[in-house]
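Working notes for the structure below.
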Amino acid sequence: MMWEDFVNALQNFRRNKMRTFLSLLGIIIGVASVIVIMSMGQSSTQQIQDTFGSSGLDMVNISSGFSRRKREAVSLVFNDSFRENMFGQIRGIKKIWYKNSVNGTISYGDTSASTSCTAVETDYLQAYGLSLDSGEYFSVTDNVMGNQRIILGSTLASTLFPNGNAVGNNVALVIDSVTFNFSVIGVLKEQSSGMENTTTGCYITRGFYAKKISPNPTAATIMVQAVSNERTTELVTTLANYCTEISGTEGSVNVSSMQTMIDQMSEVTNSLSVMLAAIAAISLLVGGIGIMNIMIVTVTERKQEIGIRKALGASPSTIRQQFLIESASITIIGGVAGILLGIGISIAVEYVRSLSYIISWDACIISFVFSVFVGIFFGFSPASRAAKLDPVIALSGE
């Protein structure tokens, strides 16, 4: 019986093509709008993640803050004792690295370039996820002995060695008017790496930095590795509270992580997408009101048909079901057309914006179900009106 009502609804749509099209328009636009907005939101979120890359998502950065110190506050010194205490008192830490950075000028032959040079400890580059295009990483011996070995960023290596083959050559690094000679042991791959510079920067061992550049240095930056990416955000809060407690000053250090930044930006993007999708969904309600008006007109035009069916024994529930299926059919057709249109527009927009193509299937399902609900909800009143018609009055109507 329901299939028969559905077929009759399609036949009625064919007889009133313009009316049906106008009824469908609001549903199609509403469904397509929700899908486009949600898909673009997910694509933007993915672009944020791609921009920051997957390297260092389990790392937390700690550096000195700029808050006004209280009289009873304690200065935080990033020395070996601080590292040992932190590792012993905070759970969820896999390893802690110390870093220092200096600016200088690096040269090879007649070619020179300004660079930011970072002094790191053994295995830090591997732990952060920085890959080498050629060469090798620092060894434990390099760090302990303070060997004058250097790893170059990809762009910096291309500038100094346009013909390639940077590994094995010696470069001069000038820091505070003092020249140091280094042997190039590796070149980094260019990659999205968050807080690390894999293009124009360079890396030396912290052992060399402590012996020749700044004897017995405290760290300028601490990199704390969480036991997993999922624990990074929690670790950021824990470390901030720990530093505040031992220093007596809130904001005594800056604690941040790429994972936290990505989560915050993704949350903002998702919230904005949901808000805009909710606004776009209003057009579905407007379309539902249009469907109700059309169904009221349809019931009025088909009074005699309703009267004949009732005279032949059709129950009020059968009449109600007929018109509910007709109103639901409009939204089903409109929902499918809206999904196809929404996917098409999403593909076009994301192609023009050069974004990774992501379709929000959740938005497709939710908007489609909501559109069918709108059709049934707004079609119920006209359907009930048709079911309550007196057959005698209905047969006497034009």
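Chain labels run A, B, ... following the order of the structure tokens; each chain numbers its residues from 1, and ligands are numbered from 1 in the order shown.
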
Fewer than 6 positions away in the same chain doesn't count, so skip those; otherwise give me all residues within 10 Å of Gln126 of chain A, counting only C-alpha atoms, as an mmCIF file with N, CA and C atoms, in the first residue's frame.
```cif
data_model
loop_
_atom_site.group_PDB
_atom_site.id
_atom_site.type_symbol
_atom_site.label_atom_id
_atom_site.label_comp_id
_atom_site.auth_asym_id
_atom_site.auth_seq_id
_atom_site.Cartn_x
_atom_site.Cartn_y
_atom_site.Cartn_z
ATOM 1 N N SER A 55 55.042 15.809 12.848
ATOM 2 C CA SER A 55 56.244 15.751 13.679
ATOM 3 C C SER A 55 56.056 16.546 14.962
ATOM 4 N N GLY A 56 56.546 16.003 16.044
ATOM 5 C CA GLY A 56 56.560 16.732 17.309
ATOM 6 C C GLY A 56 55.225 16.902 17.986
ATOM 7 N N LEU A 132 66.193 12.904 7.601
ATOM 8 C CA LEU A 132 67.367 13.357 6.856
ATOM 9 C C LEU A 132 67.214 13.044 5.375
ATOM 10 N N TYR A 137 72.663 11.351 11.726
ATOM 11 C CA TYR A 137 72.338 12.159 12.895
ATOM 12 C C TYR A 137 73.564 12.266 13.820
ATOM 13 N N PHE A 138 73.432 13.101 14.848
ATOM 14 C CA PHE A 138 74.484 13.210 15.856
ATOM 15 C C PHE A 138 74.545 11.920 16.670
#
```

Quick one: residues within 6 Å of segment 74-84 of chain A, only C-alpha atoms counted, chain neighbours fewer than 3 positions away excluded, as a PyMOL selection string? chain A and resi 87+218-219+247

Using C-alpha atoms, can you export the residues from the last selection as a PDB file, in the first residue's frame?
```
ATOM      1  CA  PHE A  87      61.062  13.822  35.467  1.00  0.00           C
ATOM      2  CA  THR A 218      71.201  26.618  31.393  1.00  0.00           C
ATOM      3  CA  ALA A 219      68.675  25.665  28.744  1.00  0.00           C
ATOM      4  CA  SER A 247      58.112  29.368  41.144  1.00  0.00           C
TER       5      SER A 247
END
```

Rank A:Ile28, A:Leu156, A:Val268, A:Leu340 by their smallest atom-to-atom distance to Lys189 of chain A, using only C-alpha atoms, and report the top residue only.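 Among the listed residues, A:Leu156 lies closest to Lys189 of chain A.
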
Using only C-alpha atoms, the best pick from A:Ser329, A:Asn254, A:Gln225, A:Ser354 as closest to Gly92 of chain A would be A:Gln225

How would you write, as a ChimeraX atom specification, the set of residues in segment 159-273 of chain A that DSSP gives as alpha helix (DSSP H)? /A:159-160,206-208,232-247,258-273

Write the residues of the selection above to a file with N, CA and C atoms, as a JSON list (two decimals), in the first residue's frame.
```json
[["chain", "number", "residue", "atom", "x", "y", "z"],
["A", 159, "THR", "N", 71.44, 26.59, -0.66],
["A", 159, "THR", "CA", 72.06, 27.90, -0.85],
["A", 159, "THR", "C", 73.59, 27.79, -0.83],
["A", 160, "LEU", "N", 74.11, 27.04, 0.13],
["A", 160, "LEU", "CA", 75.56, 26.92, 0.27],
["A", 160, "LEU", "C", 76.16, 25.95, -0.75],
["A", 206, "ARG", "N", 74.62, 20.13, 21.65],
["A", 206, "ARG", "CA", 74.63, 20.98, 22.84],
["A", 206, "ARG", "C", 75.94, 20.81, 23.61],
["A", 207, "GLY", "N", 76.59, 19.68, 23.37],
["A", 207, "GLY", "CA", 77.90, 19.49, 23.99],
["A", 207, "GLY", "C", 78.90, 20.51, 23.50],
["A", 208, "PHE", "N", 78.90, 20.80, 22.19],
["A", 208, "PHE", "CA", 79.79, 21.83, 21.64],
["A", 208, "PHE", "C", 79.38, 23.20, 22.16],
["A", 232, "THR", "N", 49.49, 14.53, 25.41],
["A", 232, "THR", "CA", 50.21, 15.80, 25.27],
["A", 232, "THR", "C", 49.44, 16.97, 25.87],
["A", 233, "THR", "N", 48.16, 17.08, 25.53],
["A", 233, "THR", "CA", 47.35, 18.21, 26.03],
["A", 233, "THR", "C", 47.28, 18.20, 27.55],
["A", 234, "GLU", "N", 47.09, 17.03, 28.12],
["A", 234, "GLU", "CA", 47.06, 16.89, 29.58],
["A", 234, "GLU", "C", 48.40, 17.29, 30.19],
["A", 235, "LEU", "N", 49.49, 16.89, 29.51],
["A", 235, "LEU", "CA", 50.83, 17.19, 30.03],
["A", 235, "LEU", "C", 51.11, 18.70, 30.02],
["A", 236, "VAL", "N", 50.58, 19.41, 29.03],
["A", 236, "VAL", "CA", 50.75, 20.87, 28.97],
["A", 236, "VAL", "C", 50.21, 21.51, 30.25],
["A", 237, "THR", "N", 49.01, 21.13, 30.64],
["A", 237, "THR", "CA", 48.40, 21.68, 31.85],
["A", 237, "THR", "C", 49.18, 21.29, 33.10],
["A", 238, "THR", "N", 49.60, 20.03, 33.16],
["A", 238, "THR", "CA", 50.35, 19.54, 34.33],
["A", 238, "THR", "C", 51.67, 20.29, 34.50],
["A", 239, "LEU", "N", 52.39, 20.48, 33.39],
["A", 239, "LEU", "CA", 53.68, 21.17, 33.46],
["A", 239, "LEU", "C", 53.51, 22.65, 33.84],
["A", 240, "ALA", "N", 52.48, 23.29, 33.30],
["A", 240, "ALA", "CA", 52.23, 24.69, 33.63],
["A", 240, "ALA", "C", 51.93, 24.84, 35.13],
["A", 241, "ASN", "N", 51.11, 23.95, 35.67],
["A", 241, "ASN", "CA", 50.79, 23.98, 37.10],
["A", 241, "ASN", "C", 52.03, 23.69, 37.94],
["A", 242, "TYR", "N", 52.86, 22.76, 37.49],
["A", 242, "TYR", "CA", 54.09, 22.40, 38.23],
["A", 242, "TYR", "C", 55.04, 23.60, 38.31],
["A", 243, "CYS", "N", 55.24, 24.27, 37.19],
["A", 243, "CYS", "CA", 56.16, 25.43, 37.17],
["A", 243, "CYS", "C", 55.60, 26.58, 37.99],
["A", 244, "THR", "N", 54.29, 26.77, 37.96],
["A", 244, "THR", "CA", 53.66, 27.82, 38.76],
["A", 244, "THR", "C", 53.83, 27.53, 40.25],
["A", 245, "GLU", "N", 53.70, 26.25, 40.62],
["A", 245, "GLU", "CA", 53.80, 25.86, 42.03],
["A", 245, "GLU", "C", 55.21, 26.07, 42.58],
["A", 246, "ILE", "N", 56.23, 25.69, 41.81],
["A", 246, "ILE", "CA", 57.59, 25.79, 42.35],
["A", 246, "ILE", "C", 58.15, 27.20, 42.21],
["A", 247, "SER", "N", 57.61, 28.00, 41.30],
["A", 247, "SER", "CA", 58.11, 29.37, 41.14],
["A", 247, "SER", "C", 57.33, 30.37, 41.97],
["A", 258, "MET", "N", 52.40, 21.69, 19.89],
["A", 258, "MET", "CA", 51.74, 21.72, 18.59],
["A", 258, "MET", "C", 50.39, 21.03, 18.66],
["A", 259, "GLN", "N", 50.31, 19.94, 19.43],
["A", 259, "GLN", "CA", 49.05, 19.20, 19.52],
["A", 259, "GLN", "C", 47.96, 20.07, 20.14],
["A", 260, "THR", "N", 48.32, 20.83, 21.19],
["A", 260, "THR", "CA", 47.35, 21.71, 21.83],
["A", 260, "THR", "C", 46.89, 22.81, 20.88],
["A", 261, "MET", "N", 47.83, 23.39, 20.14],
["A", 261, "MET", "CA", 47.48, 24.43, 19.18],
["A", 261, "MET", "C", 46.57, 23.89, 18.09],
["A", 262, "ILE", "N", 46.87, 22.70, 17.59],
["A", 262, "ILE", "CA", 46.03, 22.08, 16.56],
["A", 262, "ILE", "C", 44.63, 21.81, 17.12],
["A", 263, "ASP", "N", 44.57, 21.28, 18.35],
["A", 263, "ASP", "CA", 43.27, 20.99, 18.97],
["A", 263, "ASP", "C", 42.44, 22.25, 19.13],
["A", 264, "GLN", "N", 43.08, 23.33, 19.57],
["A", 264, "GLN", "CA", 42.35, 24.59, 19.78],
["A", 264, "GLN", "C", 41.85, 25.17, 18.47],
["A", 265, "MET", "N", 42.71, 25.17, 17.44],
["A", 265, "MET", "CA", 42.30, 25.70, 16.15],
["A", 265, "MET", "C", 41.22, 24.83, 15.50],
["A", 266, "SER", "N", 41.34, 23.52, 15.66],
["A", 266, "SER", "CA", 40.32, 22.61, 15.12],
["A", 266, "SER", "C", 38.99, 22.81, 15.83],
["A", 267, "GLU", "N", 39.05, 23.05, 17.14],
["A", 267, "GLU", "CA", 37.82, 23.27, 17.90],
["A", 267, "GLU", "C", 37.12, 24.54, 17.44],
["A", 268, "VAL", "N", 37.89, 25.59, 17.20],
["A", 268, "VAL", "CA", 37.31, 26.84, 16.70],
["A", 268, "VAL", "C", 36.68, 26.64, 15.33],
["A", 269, "THR", "N", 37.42, 25.94, 14.44],
["A", 269, "THR", "CA", 36.91, 25.69, 13.09],
["A", 269, "THR", "C", 35.64, 24.85, 13.12],
["A", 270, "ASN", "N", 35.63, 23.81, 13.94],
["A", 270, "ASN", "CA", 34.46, 22.94, 14.04],
["A", 270, "ASN", "C", 33.26, 23.68, 14.62],
["A", 271, "SER", "N", 33.50, 24.50, 15.64],
["A", 271, "SER", "CA", 32.40, 25.26, 16.25],
["A", 271, "SER", "C", 31.80, 26.24, 15.24],
["A", 272, "LEU", "N", 32.67, 26.89, 14.48],
["A", 272, "LEU", "CA", 32.19, 27.83, 13.47],
["A", 272, "LEU", "C", 31.39, 27.11, 12.39],
["A", 273, "SER", "N", 31.88, 25.92, 11.99],
["A", 273, "SER", "CA", 31.18, 25.14, 10.96],
["A", 273, "SER", "C", 29.80, 24.72, 11.43]]
```

Any idea what's packed within 10 Å of Ala157 of chain A, counting only C-alpha atoms, ignoring anything in its chain fewer than 2 positions away? Could you give it as a list of chain:residue names?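 In the requested format, the answer is A:Ile151, A:Leu152, A:Gly153, A:Ser154, A:Thr155, A:Thr159, A:Leu160, A:Phe161, A:Pro162, A:Asn163, A:Gly164, A:Asn165, A:Ala166, A:Val167, A:Val184, A:Gly186, A:Val187, A:Leu188, A:Thr199, A:Thr200, A:Gly201, A:Cys202.
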
So which residues touch segment 360-375 of chain A within 6 Å, counting only C-alpha atoms, skipping near sequence neighbours fewer than 3 positions away, as a compact mmCIF listing (two decimals) with C-alpha atoms, in the first residue's frame?
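Contents of part19.txt, as written:
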```
# COMPACT_ATOMS: atom_id res chain seq x y z
CA VAL A 31 20.74 20.17 2.52
CA ILE A 35 27.02 19.65 3.48
CA SER A 39 32.83 19.64 4.37
CA GLY A 288 9.13 22.69 5.25
CA SER A 327 5.06 15.15 1.61
CA ALA A 328 7.87 12.82 2.73
CA THR A 331 11.83 15.82 1.00
CA ILE A 332 13.41 12.45 0.12
CA GLY A 335 17.39 15.46 0.18
CA PHE A 378 5.03 19.88 8.14
CA GLY A 379 2.99 17.41 6.10
```

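If you count only C-alpha atoms and ignore residues fewer than 2 places along the chain from Val102 of chain A, what sits within 12 Å of it is A:Lys99, A:Asn100, A:Gly104, A:Thr105, A:Ile106, A:Ser114, A:Thr115, A:Ser116, A:Cys117, A:Thr118, A:Ala119, A:Val120, A:Leu173, A:Val174, A:Ile175, A:Asp176, A:Gly201, A:Cys202, A:Tyr203, A:Ile204, A:Arg206, A:Tyr209, A:Ile213, A:Ser214, A:Ala220.
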
Have a look at atom CA of Met86 of chain A and atom CA of Met223 of chain A and let me know their distance in Å, one decimal.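 Calculated distance between atom CA of Met86 of chain A and atom CA of Met223 of chain A is 12.0 Å.
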